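Dropping coords_19.txt in here (compact mmCIF, C-alpha atoms and all ligand atoms):
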# COMPACT_ATOMS: atom_id res chain seq x y z
CA MET T 6 234.46 80.13 55.09
CA ASN T 7 231.73 82.57 56.29
CA LYS T 8 228.55 82.74 54.27
CA GLN T 9 228.10 86.00 52.36
CA LEU T 10 225.66 88.33 54.03
CA ASP T 11 222.51 88.99 52.00
CA TYR T 12 222.42 92.72 51.18
CA LYS T 13 218.61 92.66 51.50
CA LEU T 14 219.02 92.11 55.25
CA LEU T 15 221.25 95.15 55.72
CA PRO T 16 218.56 97.79 56.42
CA ILE T 17 217.34 95.69 59.37
CA LEU T 18 220.79 94.62 60.59
CA ALA T 19 222.39 98.06 60.26
CA THR T 20 219.46 99.81 61.95
CA LYS T 21 219.94 97.44 64.88
CA SER T 22 223.72 97.94 65.03
CA GLU T 23 223.94 101.67 64.35
CA PRO T 24 223.51 102.76 68.00
CA ASP T 25 226.42 100.46 69.00
CA TRP T 26 228.61 101.85 66.19
CA LYS T 27 227.86 105.42 67.28
CA ARG T 28 228.59 104.57 70.92
CA PHE T 29 231.88 103.01 69.84
CA LEU T 30 232.87 106.20 68.03
CA ALA T 31 231.96 108.38 70.99
CA LYS T 32 234.10 106.30 73.37
CA ASN T 33 237.00 105.37 71.10
CA LYS T 34 237.94 108.35 68.93
CA LYS T 35 241.64 108.02 69.77
CA LYS T 36 241.71 104.24 69.44
CA LEU T 37 239.95 104.45 66.08
CA ALA T 38 242.69 106.72 64.73
CA GLU T 39 245.15 103.88 65.39
CA MET T 40 243.07 101.12 63.83
CA ASP T 41 243.82 101.46 60.11
CA LEU T 42 245.87 98.25 59.98
CA GLN T 43 243.04 96.24 61.54
CA VAL T 44 240.41 97.87 59.31
CA HIS T 45 242.44 97.26 56.16
CA ALA T 46 243.14 93.63 57.11
CA LEU T 47 239.41 93.11 57.67
CA HIS T 48 238.61 94.85 54.38
CA ASP T 49 240.98 92.47 52.54
CA LYS T 50 239.67 89.35 54.31
CA ILE T 51 235.99 90.19 53.88
CA SER T 52 236.33 91.48 50.29
CA GLU T 53 238.15 88.30 49.30
CA ARG T 54 235.25 86.11 50.33
CA THR T 55 232.56 88.48 49.00
CA ASP T 56 231.20 87.94 45.51
CA CYS T 57 230.20 91.40 44.28
CA LEU T 58 228.60 89.81 41.20
CA SER T 59 225.99 88.15 43.41
CA CYS T 60 225.25 91.51 45.07
CA GLY T 61 225.57 94.64 42.88
CA ASN T 62 223.68 96.64 45.48
CA CYS T 63 225.96 99.71 45.30
CA CYS T 64 225.49 99.90 41.52
CA ARG T 65 221.74 99.63 41.93
CA SER T 66 221.26 102.14 44.70
CA LEU T 67 224.15 104.61 45.12
CA GLY T 68 224.88 107.26 42.52
CA PRO T 69 228.66 107.67 42.19
CA ARG T 70 229.98 111.21 41.88
CA THR T 71 231.45 111.49 38.39
CA THR T 72 234.33 113.81 37.50
CA ASP T 73 235.28 115.38 34.18
CA LYS T 74 238.15 112.88 33.96
CA ASP T 75 235.70 110.02 34.47
CA VAL T 76 233.51 111.39 31.68
CA GLU T 77 236.49 111.64 29.32
CA ARG T 78 237.53 108.06 30.11
CA ILE T 79 234.00 106.69 29.64
CA ALA T 80 233.59 108.67 26.40
CA LYS T 81 236.82 107.24 25.04
CA ALA T 82 235.81 103.68 25.98
CA LEU T 83 232.39 104.05 24.34
CA ARG T 84 233.76 106.06 21.39
CA MET T 85 231.34 108.86 22.11
CA LYS T 86 231.74 112.58 22.68
CA ALA T 87 232.03 113.64 26.33
CA SER T 88 229.08 116.01 25.80
CA ASP T 89 226.95 113.09 24.56
CA ILE T 90 227.89 110.99 27.62
CA ILE T 91 226.74 113.85 29.81
CA SER T 92 223.46 114.46 28.01
CA LYS T 93 222.64 110.77 27.72
CA TYR T 94 223.61 109.47 31.16
CA LEU T 95 224.41 112.26 33.61
CA MET T 96 222.86 115.17 35.47
CA ILE T 97 223.85 117.69 38.13
CA ASP T 98 222.42 116.80 41.54
CA GLU T 99 221.38 119.13 44.37
CA ASP T 100 225.00 119.29 45.64
CA GLY T 101 226.25 120.37 42.22
CA ASP T 102 227.84 116.95 41.52
CA LEU T 103 227.65 115.11 38.22
CA VAL T 104 225.78 111.84 38.82
CA PHE T 105 223.87 109.26 36.78
CA GLN T 106 220.39 110.39 35.74
CA SER T 107 218.82 107.34 37.32
CA MET T 108 219.71 104.32 39.34
CA PRO T 109 220.25 101.39 38.88
CA CYS T 110 223.31 102.56 36.98
CA PRO T 111 222.72 102.45 33.20
CA PHE T 112 225.95 100.45 32.80
CA LEU T 113 224.91 97.68 35.20
CA GLY T 114 223.97 94.47 33.42
CA SER T 115 221.31 92.00 34.59
CA ASP T 116 224.23 89.70 35.52
CA ASN T 117 225.65 92.50 37.73
CA TYR T 118 228.61 93.03 35.40
CA CYS T 119 229.63 96.63 34.72
CA ALA T 120 229.66 97.39 30.99
CA ILE T 121 232.41 99.99 31.46
CA TYR T 122 234.32 98.22 34.22
CA GLU T 123 237.82 99.21 33.06
CA SER T 124 236.71 102.81 32.59
CA ARG T 125 234.28 103.14 35.48
CA PRO T 126 234.29 106.33 37.61
CA LYS T 127 236.95 106.68 40.30
CA ALA T 128 234.22 106.69 42.96
CA CYS T 129 233.17 103.20 41.80
CA ARG T 130 236.77 101.96 41.96
CA GLU T 131 237.21 103.24 45.49
CA TYR T 132 233.90 101.97 46.89
CA PRO T 133 233.35 100.76 49.64
CA HIS T 134 236.33 102.80 50.96
CA THR T 135 237.10 100.51 53.90
CA ASP T 136 240.70 100.25 52.66
CA ARG T 137 241.16 104.00 52.84
CA LYS T 138 243.88 105.59 54.98
CA ARG T 139 242.61 107.40 58.09
CA PHE T 140 239.46 105.31 58.21
CA TYR T 141 238.27 107.31 61.23
CA GLN T 142 237.61 110.22 58.87
CA ILE T 143 235.00 108.19 56.98
CA TYR T 144 233.58 106.33 59.99
CA ASN T 145 230.22 108.14 59.77
CA LEU T 146 230.08 107.63 56.00
CA SER T 147 230.77 103.94 56.61
CA ILE T 148 227.78 103.77 58.97
CA LYS T 149 225.66 104.95 56.02
CA ASN T 150 227.37 102.56 53.61
CA ALA T 151 226.73 99.64 55.96
CA TYR T 152 223.04 99.91 54.97
CA THR T 153 224.05 99.13 51.37
CA CYS T 154 227.24 97.08 51.35
CA PRO T 155 227.75 93.73 53.13
CA ILE T 156 231.53 94.32 53.22
CA VAL T 157 231.11 97.58 55.14
CA TYR T 158 228.55 96.07 57.50
CA GLU T 159 230.90 93.24 58.41
CA VAL T 160 233.90 95.57 58.84
CA MET T 161 231.87 97.82 61.14
CA GLN T 162 230.70 94.87 63.20
CA GLU T 163 234.21 93.42 63.56
CA ILE T 164 235.97 96.64 64.50
CA THR T 165 233.36 97.64 67.05
CA MET T 166 233.00 94.18 68.61
CA ASN T 167 236.69 93.33 68.62
CA PRO T 168 238.77 96.50 68.33
CA GLN T 169 242.54 96.05 68.10
CA PRO T 170 244.44 99.29 68.00
CA LEU T 171 247.57 98.83 65.93
CA LYS T 172 250.18 101.52 65.61
CA GLY T 173 252.44 102.17 62.63
CA ASN T 174 249.67 102.87 60.14
S1 LIG T 201 229.74 102.50 36.37
FE1 LIG T 201 229.89 100.31 36.73
S2 LIG T 201 230.78 100.12 38.78
FE2 LIG T 201 229.97 102.21 38.61
S3 LIG T 201 227.86 102.17 39.40
FE3 LIG T 201 227.77 101.79 37.19
S4 LIG T 201 227.78 99.56 36.95
FE4 LIG T 201 228.53 100.04 39.02
S1 LIG T 202 231.00 96.65 46.89
FE1 LIG T 202 229.51 96.01 48.46
S2 LIG T 202 227.49 96.72 47.75
FE2 LIG T 202 228.91 96.78 46.02
S3 LIG T 202 228.60 94.83 44.97
FE3 LIG T 202 230.34 94.57 46.37
S4 LIG T 202 229.45 93.76 48.25
FE4 LIG T 202 227.76 94.62 47.05

Taking this structure as input, can you express it in the form of structure tokens?
Ligand code: SF4
Ligand code: SF4
Amino acid sequence: MNKQLDYKLLPILATKSEPDWKRFLAKNKKKLAEMDLQVHALHDKISERTDCLSCGNCCRSLGPRTTDKDVERIAKALRMKASDIISKYLMIDEDGDLVFQSMPCPFLGSDNYCAIYESRPKACREYPHTDRKRFYQIYNLSIKNAYTCPIVYEVMQEITMNPQPLKGN
């Protein structure tokens, strides 16, 4: 079993690898569009051996975009009014998105558990996105996420070092 990558090393490791990832994209646009099966298999394998509770880096550093539906769900879970959830925890950012007022996320515990796990925003559920269909569309986003998430870093390394185009995605 591979040892889990320490998220604190990612800024150094990803900075070193980013030029290779960009070169791979420039040379393999077509191949990448046929690689979903490989990317998803890697996502499953790497996620399975990754303990998010010993990391929590996304919840400490990335502000998930929060929708009205997310707010309603969180409000229901906390038995609060949606307007109170917004005034207490959320703000509009420069892109006009509703995000947490500050990071680390106010719902992240010191043990890295999420206090609203069952009701967390959709963006939190979908992170780190490496199981998404048409992965090539979020390749550049994944380069950014590789600076934060060990799962993404490992997926990027594997697909660019050992690409296996698989059809029938
Ligand atoms: S709501 Fe939960 S999963 Fe989402 S950032 Fe906060 S602690 Fe993490
Ligand atoms: S999704 Fe990635 S960044 Fe977030 S806790 Fe898990 S390993 Fe860490």

Exercise. Tell me which protein, DNA and RNA residues are within 10 Å of Leu10 of chain T, counting all atoms listed in the file, leaving out same-chain ones fewer than 3 positions away, and put them as a list in words.
Key: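 Skipping anything fewer than 3 positions along the chain leaves Asn7, Lys13, Leu14, Leu15, Thr55, Cys60, Cys154, Pro155, Ile156, Tyr158 and Glu159 of chain T.
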
Given the selection you just returned, output its residues as a file containing C-alpha atoms, formatted as a PDB file, in the coordinates of the input.
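New file result_35.pdb:
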ATOM      1  CA  ASN T   7     231.730  82.570  56.290  1.00  0.00           C
ATOM      2  CA  LYS T  13     218.610  92.660  51.500  1.00  0.00           C
ATOM      3  CA  LEU T  14     219.020  92.110  55.250  1.00  0.00           C
ATOM      4  CA  LEU T  15     221.250  95.150  55.720  1.00  0.00           C
ATOM      5  CA  THR T  55     232.560  88.480  49.000  1.00  0.00           C
ATOM      6  CA  CYS T  60     225.250  91.510  45.070  1.00  0.00           C
ATOM      7  CA  CYS T 154     227.240  97.080  51.350  1.00  0.00           C
ATOM      8  CA  PRO T 155     227.750  93.730  53.130  1.00  0.00           C
ATOM      9  CA  ILE T 156     231.530  94.320  53.220  1.00  0.00           C
ATOM     10  CA  TYR T 158     228.550  96.070  57.500  1.00  0.00           C
ATOM     11  CA  GLU T 159     230.900  93.240  58.410  1.00  0.00           C
TER      12      GLU T 159
END

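Atom S3 of ligand LIG 201 (chain T) is positioned 26.3 Å from atom CA of Ser22 of chain T.
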
Quiz item: Out of T:Pro126, T:Pro133, T:Pro69, T:His48, which residue has the shortest atom-to-atom distance to Thr153 of chain T when counting only C-alpha atoms?
Solution: T:Pro133

Take every atom of segment 136-149 of chain T listed in the file, pad by 8 Å on each side, and give me the axis-aligned box centre and edge lengths in Å, one decimal, as lines of an AutoDock Vina configuration file.
center_x = 234.8
center_y = 105.2
center_z = 56.9
size_x = 34.2
size_y = 26.0
size_z = 24.6

Practice problem: Find the residues near Tyr144 of chain T: any atom within 10 Å, counting all atoms listed in the file, skip ones fewer than 6 places away on the same chain, and give them as number ranges by chain. | Solution: T: 26-27, 30, 37, 135, 150, 161

Restricted to C-alpha atoms, what would the selected residues look like written as a PDB file, keeping the file's coordinate frame?
ATOM      1  CA  TRP T  26     228.610 101.850  66.190  1.00  0.00           C
ATOM      2  CA  LYS T  27     227.860 105.420  67.280  1.00  0.00           C
ATOM      3  CA  LEU T  30     232.870 106.200  68.030  1.00  0.00           C
ATOM      4  CA  LEU T  37     239.950 104.450  66.080  1.00  0.00           C
ATOM      5  CA  THR T 135     237.100 100.510  53.900  1.00  0.00           C
ATOM      6  CA  ASN T 150     227.370 102.560  53.610  1.00  0.00           C
ATOM      7  CA  MET T 161     231.870  97.820  61.140  1.00  0.00           C
TER       8      MET T 161
END

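For the set T:Asp73, T:Asp116, T:Asp102, T:Asp56, the residue with the smallest atom-to-atom gap to ligand LIG 201 (chain T) is T:Asp116, counting all atoms listed in the file.
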
Quiz prompt | Within 7 Å of ligand LIG 201 (chain T), counting all atoms listed in the file, residues as a list in words | solution = Cys63, Cys64, Gly68, Pro69, Cys110, Pro111, Phe112, Leu113, Tyr118, Cys119, Ala120, Ile121, Tyr122, Arg125, Pro126 and Cys129 of chain T

Quiz item: To one decimal place, how far is atom CA of Glu163 of chain T from atom CA of Lys34 of chain T in Å?
Solution: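 Answer for the atom CA of Glu163 of chain T to atom CA of Lys34 of chain T separation: 16.3 Å.
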
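For the pair atom CA of Gln162 of chain T and atom S4 of ligand LIG 202 (chain T), the separation is 15.0 Å.
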